[in-house]
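Single-structure report; data block below.
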Amino acid sequence: MRLSQLFGKTLRQPPAEAETASHRLLVQAGLVAQVAAGIYAFMPLAWKVLRRIEDIVRQEMDAAGGQEVHLPALHPLEMWQASGRDQTMKDVLFRLQDKRGREFVLGPTHEEVITELFRRFVRSYRDLPLLVYQIQTKFRDEPRPRGGLIRLREFTMKDLYSFDVDWEGLDVSYQKMFRAYQNVFRRCGVPTVPVLADAGAMGGRDTHEFIFPTDIGEDSCLFCPGCGYAANAEVATFQKAPAHADEQPRPMAEVHTPGVATIPALAEFLGVPTTRTCKAVFYTADDRPVLVAIRGDMEVNETKLRRALGAIDLRYMGEEEVARHGFVPGSASAVGLQGVTVVADDLVPRERNLVAGANRPDFHLLNVNYGRDWQADVVADIALAQGGHPCPQCGTPLEMRRGIEMGQIFKLGTYYSEKLGAVFLDRDGKQRPAVMGCYGIGIERLLAAVVEANHDDNGIVWPPELAPYQVHLVALSLDRGEVREAAEDLYRRLWETGIEALYDDREETPGVKFKDADLLGMPLRVTVSPRTLEQGAVELKPRRDAGTELVPISGAVEEVRRRLEGLSAGG
RNA sequence: CGGGGUGUAGCUCAGCCUGGUAGAGCACCUGGUUUGGGGCCAGGAGGUCGCCGGUUCAAAUCCGGCCACCCCGACCA
């Protein structure tokens with residue numbers, strides 16, 4: 001490819017809206033262009049990289065026994081009504097009608113369609129296990145697209161669905177995918193860590209997310225340096241030890257606390273640790289008010305809370321709304337309170353003599369004891385694990401890090417197969433629902449992560465296996481006939497040898513060309529100039545190293561090939 | 001949807017407070033010069049100042065409404 005002809009130009013200055021390195025570099029390099037919020041166009045170089053990523057994914061899925069299919073993006077609404085996800089996912093569904101008024105959704109994922117196909121074609125346990133995947137565009141009307149390619153509304157996803165006769169079979173499929181995912185991310189040069197995760201709207205049990213640790217990540221995860229425990233903060237647990245369990249319950253007493261409305265203020269006012277307090281946090285769960293009681297030094301984990309309540313919609317209640325319900329923000333507790341569902345973190349009932357709100361402005365209660373003074377409708381672990389909390393397995397203090405979810409693997413079980421009739425006849429002639437798993441990877445997000453993990457101050461540093469071209473051929477002083485001739489000849493011979501080369505044949509100054517070469521990030525730069533030709537040589541420079549080296553022009557193609565092999569093998 | 005911010009040339013931004021001819025750098029075109037890290041000179045092209053309405057003799061500028069985009073929170077690959 002000749003740079004003079006390439007569709008897409010590098011920018012001197014990155015666009016103002018780009019905050020993450022990957023977003024900035026991809027836009028500045030002219031690889032991607034935003035069309036609308038969360039909707040991007042991919043220019044030729046980016047498209048080549050995306051296809052290479054897809055190829056890696058495809059190879060690993062095939063190696064694990066997957067069969068690729070192509071599924072529609074338009075789904076009849078009825079399919080989504082059948083699974084119930086027209087409701088549980090309604091906020092992200094793009095919906096439309098055909099001219100007869102029939103309703104469709106733009107597929108945000110494909111469990112419904114694939115399960116329907118299973119129903120039509122699979123009858124017997126002899127057809128199982130079955131691993132089917134697709135690499136296709138998915139549409140989700142995300143509440144907030146962000147971070148360039150990190151969170152899109154239209155994006156490509158590799159989705160594999162596994163169907164097994166039983167849970168043991170699913171375990172095998174799950175493990176295959178687990179390994180395949182590790183292979184994919186390793187080959188793409190993106191370090192990832194598998195962590196325990198929440199199954200969310202997908203239903204199902206075990207699930208792992210593959211997290212790329214980075215400060216720009218949207219997820220928080222907890223890692224144990226002692227035993228390797230790793231979990232998304234949404235589901236992470238920790239050892240909760242009561243601080244005052246050995247005390248005898250004392251008589252409850254009201255105390256005047258003028259202007260004290262927060263836990264830190266309360267603890268300071270009374271001269272007690274925050275572990276002595278019980279915090280009340282209000283939520284609205286599917287339109288009913290909920291009071292959450294949790295020890296004052298902890299935060300509420302909304303994912304756990306939603307799960308404990310079996311709620312679909314959960315939102316934090318603002319102060320005005322709390323007051324509107326007749327509760328007293330800043331001095332609330334479950335003691336003597338009516339008309340609200342009470343959820344207690346499972347640590348609270350084990351504590352004695354806590355300080356809690358009196359449900360009267362400027363008053364709190366001392367020595368509040370669970371069971372004697374109040375009861376909860378639900379007692380569950382709803383505390384948010386944070387850095388420093390003891391590991392649930394070994395007690396070592398956990399470390400919290402942010403990260404981007406690169407992929408997630410789920411054990412779905414029989415949720416969809418039962419709802420949508422994906423059944424087969426087992427060995428005994430008995431009809432059973434297939435035990436399903438699903439396994440997704442966001443392709444554009446992976447591209448963003450590749451750049452995020454492989455760049456320096458000057459630009460992108462493509463891993464060789466993903467680079468759009470292997471060689472960036474730079475010719476300086478093209479007005480000199482001998483340079484043009486040598487460069488053109490080298491360019492032709494590289495391609496004849498099967499080495500993909502990008503050729504900067506533009507009439508630009510050396511500085512411009514070198515800057516662009518660094519920004520665009522091909523693994524090996526080859527420079528031809530009057531200076532090198534004087535010595536009958538060309539200059540080689542691997543993108544990821546600082547040093548340059550002259551090699552004789554006669555053996556240049558061979559040498560380039562050797563270097564590229566070295567770069568790939570070097571990983 | 002709540003909170004914060006920004007919309008002026010392809011990109012980065014000034015001008016707005018204090019109303020009166022729309023600007024700079026980079027990019028682009030022409031010519032010249034230069035040639036190992038975004039060089040220099042001269043000339044040129046390019047803008048419904050996000051949209052609608054209001055105030056005014058006059059609106060990029062003041063007022064109102066709307067829209068888009070970005071960032072922080074509730075969702076997810």
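Ordering of the structure tokens sets the chain letters (A, B, ...), residue numbers begin anew at 1 in every chain, and ligands are numbered from 1 in the order given.
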Next item on the list: Within 9 Å of Pro397 of chain A, counting only C-alpha atoms (C1' of nucleotides), which residues show up once you throw out same-chain ones fewer than 2 positions away? Write them as a VMD selection string, please.
Entry: chain A and resid 223 to 226 387 to 391 394 to 395 399
Notebook entry, point to check: Where does DSSP see helix (DSSP H, G or I) in segment 395-566 of chain A, if you list the residues as a PyMOL selection string?
Noted result: chain A and resi 415-420+443-453+481-496+510-520+530-534+553-566
Each chain B residue no farther than 9 Å from chain A, nearest pair in Å, only C-alpha atoms (C1' of nucleotides), as a tab-separated table:
```
residue	atom	partner	partner_atom	distance
B:C1	C1'	A:Pro143	CA	8.8
B:C11	C1'	A:Gln13	CA	6.2
B:U12	C1'	A:Gln13	CA	6.3
B:C26	C1'	A:Arg12	CA	7.0
B:A27	C1'	A:Leu11	CA	7.8
B:U34	C1'	A:Thr509	CA	8.7
B:U35	C1'	A:Thr509	CA	6.3
B:G36	C1'	A:Pro510	CA	6.0
B:G37	C1'	A:Gly511	CA	4.0
B:G38	C1'	A:Val512	CA	4.7
B:G39	C1'	A:Thr509	CA	8.2
B:A68	C1'	A:Ala36	CA	8.9
B:C69	C1'	A:Ala37	CA	7.2
B:C70	C1'	A:Glu17	CA	5.7
B:A74	C1'	A:Arg315	CA	6.7
B:C75	C1'	A:Pro143	CA	6.9
B:C76	C1'	A:Glu142	CA	8.2
B:A77	C1'	A:Gly442	CA	4.1
```
Next item on the list: Tell me, as a PyMOL selection string, which residues lie within 10 Å of G46 of chain B, counting only C-alpha atoms (C1' of nucleotides); anything in the same chain fewer than 5 positions away does not count.
Entry: chain B and resi 9-10+28
Requested write-out: C-alpha atoms (C1' of nucleotides) of the selected residues, as an mmCIF file, in the first residue's frame:
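again16.cif was written with the following content:
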```cif
data_model
loop_
_atom_site.group_PDB
_atom_site.id
_atom_site.type_symbol
_atom_site.label_atom_id
_atom_site.label_comp_id
_atom_site.auth_asym_id
_atom_site.auth_seq_id
_atom_site.Cartn_x
_atom_site.Cartn_y
_atom_site.Cartn_z
ATOM 1 C "C1'" A B 9 -12.705 26.304 8.972
ATOM 2 C "C1'" G B 10 -10.764 19.242 8.272
ATOM 3 C "C1'" C B 28 -5.286 21.520 2.311
#
```
Next item on the list: Rank A:Leu398, A:Ala29, A:Ala180, A:Val483 by their smallest atom-to-atom distance to Tyr229 of chain A, using only C-alpha atoms, and report the top residue only.
Entry: A:Leu398
Notebook entry, point to check: Near Glu68 of chain A, counting only C-alpha atoms (C1' of nucleotides), which residues have an atom at most 12 Å away, once you skip same-chain residues fewer than 6 positions from it, shown as a list in words?
Noted result: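 My reading of the contact set: Glu54, Asp55, Val57, Arg58, Gln59, Glu60, Met61, Asp62, Ile114, Leu130, Leu131, Val132, Tyr133, Gln134, Ile135, Gln136, Lys158, Asp159, Leu160 and Tyr161 of chain A.
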I need the residues from that last selection saved to file as a short mmCIF file (atom, residue, chain, number, x, y, z; two decimals), in the first residue's frame (with C-alpha atoms), if you can.
```
data_model
loop_
_atom_site.label_atom_id
_atom_site.label_comp_id
_atom_site.auth_asym_id
_atom_site.auth_seq_id
_atom_site.Cartn_x
_atom_site.Cartn_y
_atom_site.Cartn_z
CA GLU A 54 -11.19 -11.85 14.10
CA ASP A 55 -8.92 -14.40 12.45
CA VAL A 57 -10.52 -15.49 17.46
CA ARG A 58 -11.80 -17.68 14.64
CA GLN A 59 -8.73 -19.93 14.78
CA GLU A 60 -9.05 -20.42 18.51
CA MET A 61 -12.78 -21.06 18.35
CA ASP A 62 -12.30 -23.58 15.55
CA ILE A 114 -29.38 -19.77 18.25
CA LEU A 130 -22.39 -28.63 20.07
CA LEU A 131 -20.32 -25.45 19.97
CA VAL A 132 -21.59 -22.79 17.59
CA TYR A 133 -20.31 -19.28 17.17
CA GLN A 134 -20.69 -16.14 15.15
CA ILE A 135 -18.68 -12.97 14.75
CA GLN A 136 -21.20 -10.29 14.00
CA LYS A 158 -17.78 -13.06 18.84
CA ASP A 159 -20.39 -15.08 20.60
CA LEU A 160 -20.09 -18.82 21.05
CA TYR A 161 -22.90 -20.93 22.42
#
```
Tell me which protein, DNA and RNA residues are within 12 Å of Ser124 of chain A, counting only C-alpha atoms (C1' of nucleotides), leaving out same-chain ones fewer than 2 positions away, and put them as a CSV table (one decimal) with C-alpha atoms, in the first residue's frame.
```
chain,number,residue,atom,x,y,z
A,118,PHE,CA,-31.0,-25.7,18.0
A,119,ARG,CA,-34.7,-26.5,18.4
A,120,ARG,CA,-35.1,-27.0,14.7
A,121,PHE,CA,-32.1,-29.1,14.0
A,122,VAL,CA,-31.1,-31.0,17.1
A,126,ARG,CA,-25.7,-37.9,19.7
A,127,ASP,CA,-25.6,-34.4,18.2
A,128,LEU,CA,-24.0,-33.1,21.5
A,129,PRO,CA,-21.9,-31.4,22.6
A,130,LEU,CA,-22.4,-28.6,20.1
A,163,PHE,CA,-25.0,-27.1,24.2
A,164,ASP,CA,-24.3,-30.1,26.3
A,165,VAL,CA,-26.3,-33.1,27.6
A,422,ALA,CA,-34.2,-26.4,23.0
A,423,VAL,CA,-34.6,-30.1,24.0
A,424,PHE,CA,-33.2,-33.4,22.9
A,425,LEU,CA,-33.8,-37.1,23.6
A,426,ASP,CA,-31.2,-38.6,25.9
A,427,ARG,CA,-29.9,-42.2,25.8
A,428,ASP,CA,-33.0,-43.4,27.6
A,429,GLY,CA,-35.4,-41.7,25.2
A,430,LYS,CA,-36.2,-39.0,27.7
A,431,GLN,CA,-36.7,-35.4,26.6
A,432,ARG,CA,-34.3,-33.0,28.3
A,433,PRO,CA,-33.3,-29.4,27.9
A,434,ALA,CA,-29.8,-28.7,26.6
```
